>>> print(open('entry.pdb').read())   # PDB, C-alpha atoms
ATOM      1  CA  MET A  18      72.642  89.935  50.323
ATOM      2  CA  ASN A  19      69.990  87.508  51.511
ATOM      3  CA  ILE A  20      71.082  84.442  53.447
ATOM      4  CA  PRO A  21      68.685  81.490  53.533
ATOM      5  CA  THR A  22      68.506  79.625  56.821
ATOM      6  CA  ILE A  23      67.776  75.975  57.408
ATOM      7  CA  PRO A  24      64.198  75.286  58.526
ATOM      8  CA  THR A  25      63.916  74.051  62.102
ATOM      9  CA  ASN A  26      61.239  71.481  61.318
ATOM     10  CA  THR A  27      63.079  68.770  59.337
ATOM     11  CA  MET A  28      61.125  65.701  60.446
ATOM     12  CA  GLN A  29      60.004  63.317  57.709
ATOM     13  CA  GLY A  30      56.341  63.503  56.915
ATOM     14  CA  ALA A  31      56.103  67.055  58.231
ATOM     15  CA  LYS A  32      54.955  69.783  55.895
ATOM     16  CA  ALA A  33      57.949  71.385  54.175
ATOM     17  CA  GLU A  34      58.576  74.901  55.441
ATOM     18  CA  ARG A  35      59.975  77.708  53.366
ATOM     19  CA  PRO A  36      63.364  78.834  54.737
ATOM     20  CA  VAL A  37      63.393  82.198  56.472
ATOM     21  CA  GLU A  38      65.602  84.718  54.695
ATOM     22  CA  GLN A  39      67.752  87.290  56.427
ATOM     23  CA  VAL A  40      69.231  90.543  55.228
ATOM     24  CA  ALA A  41      72.994  90.813  55.691
ATOM     25  CA  PHE A  42      75.780  93.188  54.751
ATOM     26  CA  HIS A  43      77.929  92.188  51.774
ATOM     27  CA  ARG A  44      81.702  92.004  52.157
ATOM     28  CA  THR A  45      82.220  95.258  50.244
ATOM     29  CA  GLU A  46      79.665  97.054  52.433
ATOM     30  CA  LEU A  47      81.331  95.776  55.597
ATOM     31  CA  SER A  48      84.700  96.917  54.276
ATOM     32  CA  VAL A  49      83.429 100.500  53.952
ATOM     33  CA  ILE A  50      81.747 100.426  57.375
ATOM     34  CA  LEU A  51      84.727  98.846  59.167
ATOM     35  CA  SER A  52      87.096 101.356  57.574
ATOM     36  CA  LEU A  53      85.108 104.196  59.135
ATOM     37  CA  TYR A  54      84.815 102.247  62.389
ATOM     38  CA  GLY A  55      88.602 101.805  62.592
ATOM     39  CA  ARG A  56      89.212 105.522  62.099
ATOM     40  CA  MET A  57      86.646 106.404  64.775
ATOM     41  CA  VAL A  58      88.219 103.930  67.221
ATOM     42  CA  ALA A  59      91.645 105.447  66.545
ATOM     43  CA  ALA A  60      90.162 108.891  67.269
ATOM     44  CA  GLY A  61      88.769 107.581  70.567
ATOM     45  CA  GLU A  62      85.113 108.163  69.628
ATOM     46  CA  TRP A  63      83.854 104.569  69.345
ATOM     47  CA  ARG A  64      84.794 101.460  71.304
ATOM     48  CA  ASP A  65      82.479  98.581  70.348
ATOM     49  CA  TYR A  66      80.078  97.428  67.654
ATOM     50  CA  GLY A  67      77.350  94.870  67.062
ATOM     51  CA  ILE A  68      75.841  93.382  63.908
ATOM     52  CA  SER A  69      72.261  92.136  63.629
ATOM     53  CA  CYS A  70      70.907  90.320  60.572
ATOM     54  CA  LEU A  71      67.116  90.238  60.693
ATOM     55  CA  ARG A  72      64.365  89.383  58.235
ATOM     56  CA  GLU A  73      63.913  92.869  56.760
ATOM     57  CA  VAL A  74      66.937  94.806  57.982
ATOM     58  CA  ALA A  75      70.642  94.405  58.700
ATOM     59  CA  VAL A  76      71.992  96.700  61.422
ATOM     60  CA  PHE A  77      75.550  97.705  62.331
ATOM     61  CA  SER A  78      75.409  99.417  65.740
ATOM     62  CA  VAL A  79      78.297 101.427  67.184
ATOM     63  CA  PHE A  80      78.809 102.045  70.886
ATOM     64  CA  ARG A  81      80.938 104.356  72.979
ATOM     65  CA  ARG A  82      80.803 101.804  75.809
ATOM     66  CA  THR A  83      79.572  98.218  75.617
ATOM     67  CA  ALA A  84      76.789  98.564  78.197
ATOM     68  CA  GLU A  85      75.247 101.688  76.648
ATOM     69  CA  MET A  86      72.668 102.270  73.957
ATOM     70  CA  PRO A  87      74.199 102.502  70.483
ATOM     71  CA  LEU A  88      75.415 105.933  69.408
ATOM     72  CA  TYR A  89      74.510 105.246  65.789
ATOM     73  CA  ARG A  90      72.904 102.483  63.779
ATOM     74  CA  ILE A  91      73.822 101.900  60.147
ATOM     75  CA  GLU A  92      70.851 100.127  58.589
ATOM     76  CA  LYS A  93      70.361  98.293  55.317
ATOM     77  CA  ARG A  94      66.729  97.828  54.206
ATOM     78  CA  PRO A  95      66.566  96.330  50.694
ATOM     79  CA  LYS A  96      62.805  96.943  50.425
ATOM     80  CA  LEU A  97      63.493 100.717  50.340
ATOM     81  CA  ARG A  98      65.989 100.348  47.461
ATOM     82  CA  ALA A  99      63.623 101.810  44.842
ATOM     83  CA  LYS A 100      62.179 104.495  47.131
ATOM     84  CA  GLN A 101      64.335 106.416  49.604
ATOM     85  CA  GLY A 102      67.476 104.314  49.403
ATOM     86  CA  MET A 103      68.313 101.191  51.342
ATOM     87  CA  TYR A 104      71.041 102.661  53.583
ATOM     88  CA  ALA A 105      70.384 104.873  56.591
ATOM     89  CA  VAL A 106      72.265 106.278  59.576
ATOM     90  CA  VAL A 107      70.056 106.499  62.659
ATOM     91  CA  GLY A 108      70.976 108.470  65.784
ATOM     92  CA  THR A 109      70.544 107.531  69.433
ATOM     93  CA  ASN A 110      67.045 108.965  69.663
ATOM     94  CA  GLY A 111      65.845 107.140  66.525
ATOM     95  CA  GLN A 112      66.165 110.137  64.236
ATOM     96  CA  VAL A 113      67.292 109.310  60.691
ATOM     97  CA  LEU A 114      70.391 111.448  60.130
ATOM     98  CA  LYS A 115      70.848 110.497  56.476
ATOM     99  CA  ARG A 116      69.322 108.029  54.025
ATOM    100  CA  GLY A 117      70.380 107.202  50.495
ATOM    101  CA  HIS A 118      71.319 104.760  47.769
ATOM    102  CA  ASP A 119      75.116 104.994  48.171
ATOM    103  CA  LEU A 120      76.648 103.711  51.420
ATOM    104  CA  LYS A 121      79.742 105.944  51.259
ATOM    105  CA  SER A 122      77.700 109.125  50.874
ATOM    106  CA  VAL A 123      75.362 108.094  53.705
ATOM    107  CA  LEU A 124      78.334 107.451  56.005
ATOM    108  CA  GLY A 125      79.634 110.940  55.178
ATOM    109  CA  VAL A 126      77.409 112.299  57.953
ATOM    110  CA  LEU A 127      79.533 110.341  60.458
ATOM    111  CA  GLU A 128      82.877 111.216  58.870
ATOM    112  CA  ARG A 129      82.293 114.876  59.672
ATOM    113  CA  LYS A 130      82.801 113.922  63.319
ATOM    114  CA  LEU A 131      86.465 113.142  62.485
ATOM    115  CA  ILE A 132      87.192 116.642  61.251
ATOM    116  CA  ARG A 133      88.658 118.741  64.068
ATOM    117  CA  VAL A 134      90.168 122.198  64.181
ATOM    118  CA  VAL A 135      93.942 122.082  64.577
ATOM    119  CA  GLU A 136      95.538 125.140  66.205
TER     120      GLU A 136
END
>>> encode(input="entry.pdb", output="structure tokens")
Amino acid sequence: MNIPTIPTNTMQGAKAERPVEQVAFHRTELSVILSLYGRMVAAGEWRDYGISCLREVAVFSVFRRTAEMPLYRIEKRPKLRAKQGMYAVVGTNGQVLKRGHDLKSVLGVLERKLIRVVE
């Protein structure tokens, strides 16, 4: 979902600027991500999150503690839609853990962290 923003230069007589577009998560995408986030919070793994909507990428970052680096980043890059897939899960060190076209299957790499051995 691209969100147009209002140009900052709105004076009369000034050259009309093209609005800057941003990439954002759609409501259905956020529903899937927040569902996983809620389960991870309940398990005590995650405690905070942040959302960034930039020109070419939207990022959902998850943190164990607020002041730390993000544990994982869930990225949406629409320009990679036809190539590798627009969704990716990136680890703390910048390594791409999984990339694909379907958000639920990409998030599967994080859902494995919920599975624990019960004795």
>>> atom_distance(input="entry.pdb", atom1="atom CA of A:Lys96", atom2="atom CA of A:Val49")
21.2 Å
>>> atom_distance(input="entry.pdb", atom1="atom CA of A:Arg129", atom2="atom CA of A:Ser78")
18.0 Å
>>> closest_residue(input="entry.pdb", among="A:Asp65, A:Gly55, A:Arg98, A:Ala41", to="A:Ala84", atoms="only C-alpha atoms")
A:Asp65
>>> resolve_selection(input="entry.pdb", expression="the PyMOL selection byres ((chain A and resi 90-92) around 12)", output="PDB file with C-alpha atoms, in the coordinates of the input")
ATOM      1  CA  VAL A  40      69.231  90.543  55.228  1.00  0.00           C
ATOM      2  CA  ALA A  41      72.994  90.813  55.691  1.00  0.00           C
ATOM      3  CA  PHE A  42      75.780  93.188  54.751  1.00  0.00           C
ATOM      4  CA  GLU A  46      79.665  97.054  52.433  1.00  0.00           C
ATOM      5  CA  LEU A  47      81.331  95.776  55.597  1.00  0.00           C
ATOM      6  CA  VAL A  49      83.429 100.500  53.952  1.00  0.00           C
ATOM      7  CA  ILE A  50      81.747 100.426  57.375  1.00  0.00           C
ATOM      8  CA  LEU A  51      84.727  98.846  59.167  1.00  0.00           C
ATOM      9  CA  LEU A  53      85.108 104.196  59.135  1.00  0.00           C
ATOM     10  CA  TYR A  54      84.815 102.247  62.389  1.00  0.00           C
ATOM     11  CA  TYR A  66      80.078  97.428  67.654  1.00  0.00           C
ATOM     12  CA  GLY A  67      77.350  94.870  67.062  1.00  0.00           C
ATOM     13  CA  ILE A  68      75.841  93.382  63.908  1.00  0.00           C
ATOM     14  CA  SER A  69      72.261  92.136  63.629  1.00  0.00           C
ATOM     15  CA  CYS A  70      70.907  90.320  60.572  1.00  0.00           C
ATOM     16  CA  LEU A  71      67.116  90.238  60.693  1.00  0.00           C
ATOM     17  CA  GLU A  73      63.913  92.869  56.760  1.00  0.00           C
ATOM     18  CA  VAL A  74      66.937  94.806  57.982  1.00  0.00           C
ATOM     19  CA  ALA A  75      70.642  94.405  58.700  1.00  0.00           C
ATOM     20  CA  VAL A  76      71.992  96.700  61.422  1.00  0.00           C
ATOM     21  CA  PHE A  77      75.550  97.705  62.331  1.00  0.00           C
ATOM     22  CA  SER A  78      75.409  99.417  65.740  1.00  0.00           C
ATOM     23  CA  VAL A  79      78.297 101.427  67.184  1.00  0.00           C
ATOM     24  CA  PHE A  80      78.809 102.045  70.886  1.00  0.00           C
ATOM     25  CA  MET A  86      72.668 102.270  73.957  1.00  0.00           C
ATOM     26  CA  PRO A  87      74.199 102.502  70.483  1.00  0.00           C
ATOM     27  CA  LEU A  88      75.415 105.933  69.408  1.00  0.00           C
ATOM     28  CA  TYR A  89      74.510 105.246  65.789  1.00  0.00           C
ATOM     29  CA  LYS A  93      70.361  98.293  55.317  1.00  0.00           C
ATOM     30  CA  ARG A  94      66.729  97.828  54.206  1.00  0.00           C
ATOM     31  CA  PRO A  95      66.566  96.330  50.694  1.00  0.00           C
ATOM     32  CA  LYS A  96      62.805  96.943  50.425  1.00  0.00           C
ATOM     33  CA  LEU A  97      63.493 100.717  50.340  1.00  0.00           C
ATOM     34  CA  GLY A 102      67.476 104.314  49.403  1.00  0.00           C
ATOM     35  CA  MET A 103      68.313 101.191  51.342  1.00  0.00           C
ATOM     36  CA  TYR A 104      71.041 102.661  53.583  1.00  0.00           C
ATOM     37  CA  ALA A 105      70.384 104.873  56.591  1.00  0.00           C
ATOM     38  CA  VAL A 106      72.265 106.278  59.576  1.00  0.00           C
ATOM     39  CA  VAL A 107      70.056 106.499  62.659  1.00  0.00           C
ATOM     40  CA  GLY A 108      70.976 108.470  65.784  1.00  0.00           C
ATOM     41  CA  THR A 109      70.544 107.531  69.433  1.00  0.00           C
ATOM     42  CA  ASN A 110      67.045 108.965  69.663  1.00  0.00           C
ATOM     43  CA  GLY A 111      65.845 107.140  66.525  1.00  0.00           C
ATOM     44  CA  GLN A 112      66.165 110.137  64.236  1.00  0.00           C
ATOM     45  CA  VAL A 113      67.292 109.310  60.691  1.00  0.00           C
ATOM     46  CA  LEU A 114      70.391 111.448  60.130  1.00  0.00           C
ATOM     47  CA  LYS A 115      70.848 110.497  56.476  1.00  0.00           C
ATOM     48  CA  ARG A 116      69.322 108.029  54.025  1.00  0.00           C
ATOM     49  CA  GLY A 117      70.380 107.202  50.495  1.00  0.00           C
ATOM     50  CA  HIS A 118      71.319 104.760  47.769  1.00  0.00           C
ATOM     51  CA  LEU A 120      76.648 103.711  51.420  1.00  0.00           C
ATOM     52  CA  LYS A 121      79.742 105.944  51.259  1.00  0.00           C
ATOM     53  CA  VAL A 123      75.362 108.094  53.705  1.00  0.00           C
ATOM     54  CA  LEU A 124      78.334 107.451  56.005  1.00  0.00           C
ATOM     55  CA  GLY A 125      79.634 110.940  55.178  1.00  0.00           C
ATOM     56  CA  VAL A 126      77.409 112.299  57.953  1.00  0.00           C
ATOM     57  CA  LEU A 127      79.533 110.341  60.458  1.00  0.00           C
TER      58      LEU A 127
END
>>> axis_aligned_box(input="entry.pdb", around="stretch 54-58 of chain A", padding_each_side="3 Å", output="AutoDock Vina command-line options")
--center_x 87.0 --center_y 104.1 --center_z 64.7 --size_x 10.4 --size_y 10.6 --size_z 11.1
>>> resolve_selection(input="entry.pdb", expression="the PyMOL selection byres ((chain A and resi 62) around 10)", output="mmCIF file with C-alpha atoms, keeping the file's coordinate frame")
data_model
loop_
_atom_site.group_PDB
_atom_site.id
_atom_site.type_symbol
_atom_site.label_atom_id
_atom_site.label_comp_id
_atom_site.auth_asym_id
_atom_site.auth_seq_id
_atom_site.Cartn_x
_atom_site.Cartn_y
_atom_site.Cartn_z
ATOM 1 C CA TYR A 54 84.815 102.247 62.389
ATOM 2 C CA ARG A 56 89.212 105.522 62.099
ATOM 3 C CA MET A 57 86.646 106.404 64.775
ATOM 4 C CA VAL A 58 88.219 103.930 67.221
ATOM 5 C CA ALA A 59 91.645 105.447 66.545
ATOM 6 C CA ALA A 60 90.162 108.891 67.269
ATOM 7 C CA GLY A 61 88.769 107.581 70.567
ATOM 8 C CA TRP A 63 83.854 104.569 69.345
ATOM 9 C CA ARG A 64 84.794 101.460 71.304
ATOM 10 C CA ASP A 65 82.479 98.581 70.348
ATOM 11 C CA VAL A 79 78.297 101.427 67.184
ATOM 12 C CA PHE A 80 78.809 102.045 70.886
ATOM 13 C CA ARG A 81 80.938 104.356 72.979
ATOM 14 C CA ARG A 82 80.803 101.804 75.809
ATOM 15 C CA LEU A 88 75.415 105.933 69.408
ATOM 16 C CA LYS A 130 82.801 113.922 63.319
ATOM 17 C CA LEU A 131 86.465 113.142 62.485
#
>>> build_atoms(input="entry.pdb", residues="stretch 49-60 of chain A", atoms="all heavy atoms", output="mmCIF file, keeping the file's coordinate frame")
data_model
loop_
_atom_site.group_PDB
_atom_site.id
_atom_site.type_symbol
_atom_site.label_atom_id
_atom_site.label_comp_id
_atom_site.auth_asym_id
_atom_site.auth_seq_id
_atom_site.Cartn_x
_atom_site.Cartn_y
_atom_site.Cartn_z
ATOM 1 N N VAL A 49 83.618 99.049 53.844
ATOM 2 C CA VAL A 49 83.429 100.500 53.952
ATOM 3 C C VAL A 49 83.083 100.881 55.394
ATOM 4 O O VAL A 49 83.636 101.827 55.951
ATOM 5 C CB VAL A 49 82.323 100.973 52.981
ATOM 6 C CG1 VAL A 49 81.969 102.426 53.216
ATOM 7 C CG2 VAL A 49 82.753 100.757 51.546
ATOM 8 N N ILE A 50 82.176 100.127 56.004
ATOM 9 C CA ILE A 50 81.747 100.426 57.375
ATOM 10 C C ILE A 50 82.897 100.232 58.359
ATOM 11 O O ILE A 50 83.144 101.079 59.229
ATOM 12 C CB ILE A 50 80.540 99.549 57.766
ATOM 13 C CG1 ILE A 50 79.323 99.919 56.913
ATOM 14 C CG2 ILE A 50 80.222 99.700 59.246
ATOM 15 C CD1 ILE A 50 78.153 98.952 57.045
ATOM 16 N N LEU A 51 83.631 99.121 58.231
ATOM 17 C CA LEU A 51 84.727 98.846 59.167
ATOM 18 C C LEU A 51 85.900 99.807 58.982
ATOM 19 O O LEU A 51 86.637 100.068 59.929
ATOM 20 C CB LEU A 51 85.173 97.397 59.050
ATOM 21 C CG LEU A 51 84.169 96.379 59.594
ATOM 22 C CD1 LEU A 51 84.621 94.960 59.291
ATOM 23 C CD2 LEU A 51 83.947 96.562 61.082
ATOM 24 N N SER A 52 86.068 100.337 57.793
ATOM 25 C CA SER A 52 87.096 101.356 57.574
ATOM 26 C C SER A 52 86.778 102.608 58.397
ATOM 27 O O SER A 52 87.644 103.154 59.081
ATOM 28 C CB SER A 52 87.181 101.698 56.090
ATOM 29 O OG SER A 52 88.031 102.788 55.877
ATOM 30 N N LEU A 53 85.534 103.054 58.327
ATOM 31 C CA LEU A 53 85.108 104.196 59.135
ATOM 32 C C LEU A 53 85.200 103.865 60.619
ATOM 33 O O LEU A 53 85.683 104.674 61.413
ATOM 34 C CB LEU A 53 83.672 104.597 58.784
ATOM 35 C CG LEU A 53 83.037 105.655 59.686
ATOM 36 C CD1 LEU A 53 83.779 106.979 59.569
ATOM 37 C CD2 LEU A 53 81.573 105.824 59.356
ATOM 38 N N TYR A 54 84.777 102.665 60.988
ATOM 39 C CA TYR A 54 84.815 102.247 62.389
ATOM 40 C C TYR A 54 86.255 102.294 62.931
ATOM 41 O O TYR A 54 86.498 102.803 64.018
ATOM 42 C CB TYR A 54 84.241 100.840 62.540
ATOM 43 C CG TYR A 54 84.339 100.294 63.941
ATOM 44 C CD1 TYR A 54 83.457 100.701 64.932
ATOM 45 C CD2 TYR A 54 85.338 99.392 64.280
ATOM 46 C CE1 TYR A 54 83.566 100.218 66.220
ATOM 47 C CE2 TYR A 54 85.457 98.904 65.566
ATOM 48 C CZ TYR A 54 84.561 99.324 66.537
ATOM 49 O OH TYR A 54 84.677 98.841 67.810
ATOM 50 N N GLY A 55 87.204 101.803 62.170
ATOM 51 C CA GLY A 55 88.602 101.805 62.592
ATOM 52 C C GLY A 55 89.138 103.208 62.816
ATOM 53 O O GLY A 55 89.860 103.468 63.780
ATOM 54 N N ARG A 56 88.769 104.143 61.931
ATOM 55 C CA ARG A 56 89.212 105.522 62.099
ATOM 56 C C ARG A 56 88.582 106.166 63.327
ATOM 57 O O ARG A 56 89.226 106.937 64.037
ATOM 58 C CB ARG A 56 88.903 106.331 60.843
ATOM 59 C CG ARG A 56 89.855 105.961 59.699
ATOM 60 C CD ARG A 56 89.578 106.743 58.457
ATOM 61 N NE ARG A 56 88.410 106.104 57.825
ATOM 62 C CZ ARG A 56 87.504 106.743 57.110
ATOM 63 N NH1 ARG A 56 87.587 108.036 56.933
ATOM 64 N NH2 ARG A 56 86.502 106.091 56.575
ATOM 65 N N MET A 57 87.319 105.840 63.603
ATOM 66 C CA MET A 57 86.646 106.404 64.775
ATOM 67 C C MET A 57 87.203 105.806 66.077
ATOM 68 O O MET A 57 87.291 106.498 67.088
ATOM 69 C CB MET A 57 85.137 106.183 64.681
ATOM 70 C CG MET A 57 84.494 106.948 63.544
ATOM 71 S SD MET A 57 84.697 108.721 63.672
ATOM 72 C CE MET A 57 83.219 109.142 64.535
ATOM 73 N N VAL A 58 87.586 104.545 66.050
ATOM 74 C CA VAL A 58 88.219 103.930 67.221
ATOM 75 C C VAL A 58 89.570 104.589 67.474
ATOM 76 O O VAL A 58 89.918 104.911 68.613
ATOM 77 C CB VAL A 58 88.358 102.398 67.042
ATOM 78 C CG1 VAL A 58 89.273 101.801 68.093
ATOM 79 C CG2 VAL A 58 86.995 101.734 67.096
ATOM 80 N N ALA A 59 90.337 104.801 66.410
ATOM 81 C CA ALA A 59 91.645 105.447 66.545
ATOM 82 C C ALA A 59 91.507 106.869 67.091
ATOM 83 O O ALA A 59 92.370 107.344 67.824
ATOM 84 C CB ALA A 59 92.362 105.471 65.202
ATOM 85 N N ALA A 60 90.402 107.537 66.763
ATOM 86 C CA ALA A 60 90.162 108.891 67.269
ATOM 87 C C ALA A 60 89.612 108.882 68.692
ATOM 88 O O ALA A 60 89.461 109.936 69.306
ATOM 89 C CB ALA A 60 89.191 109.621 66.342
#
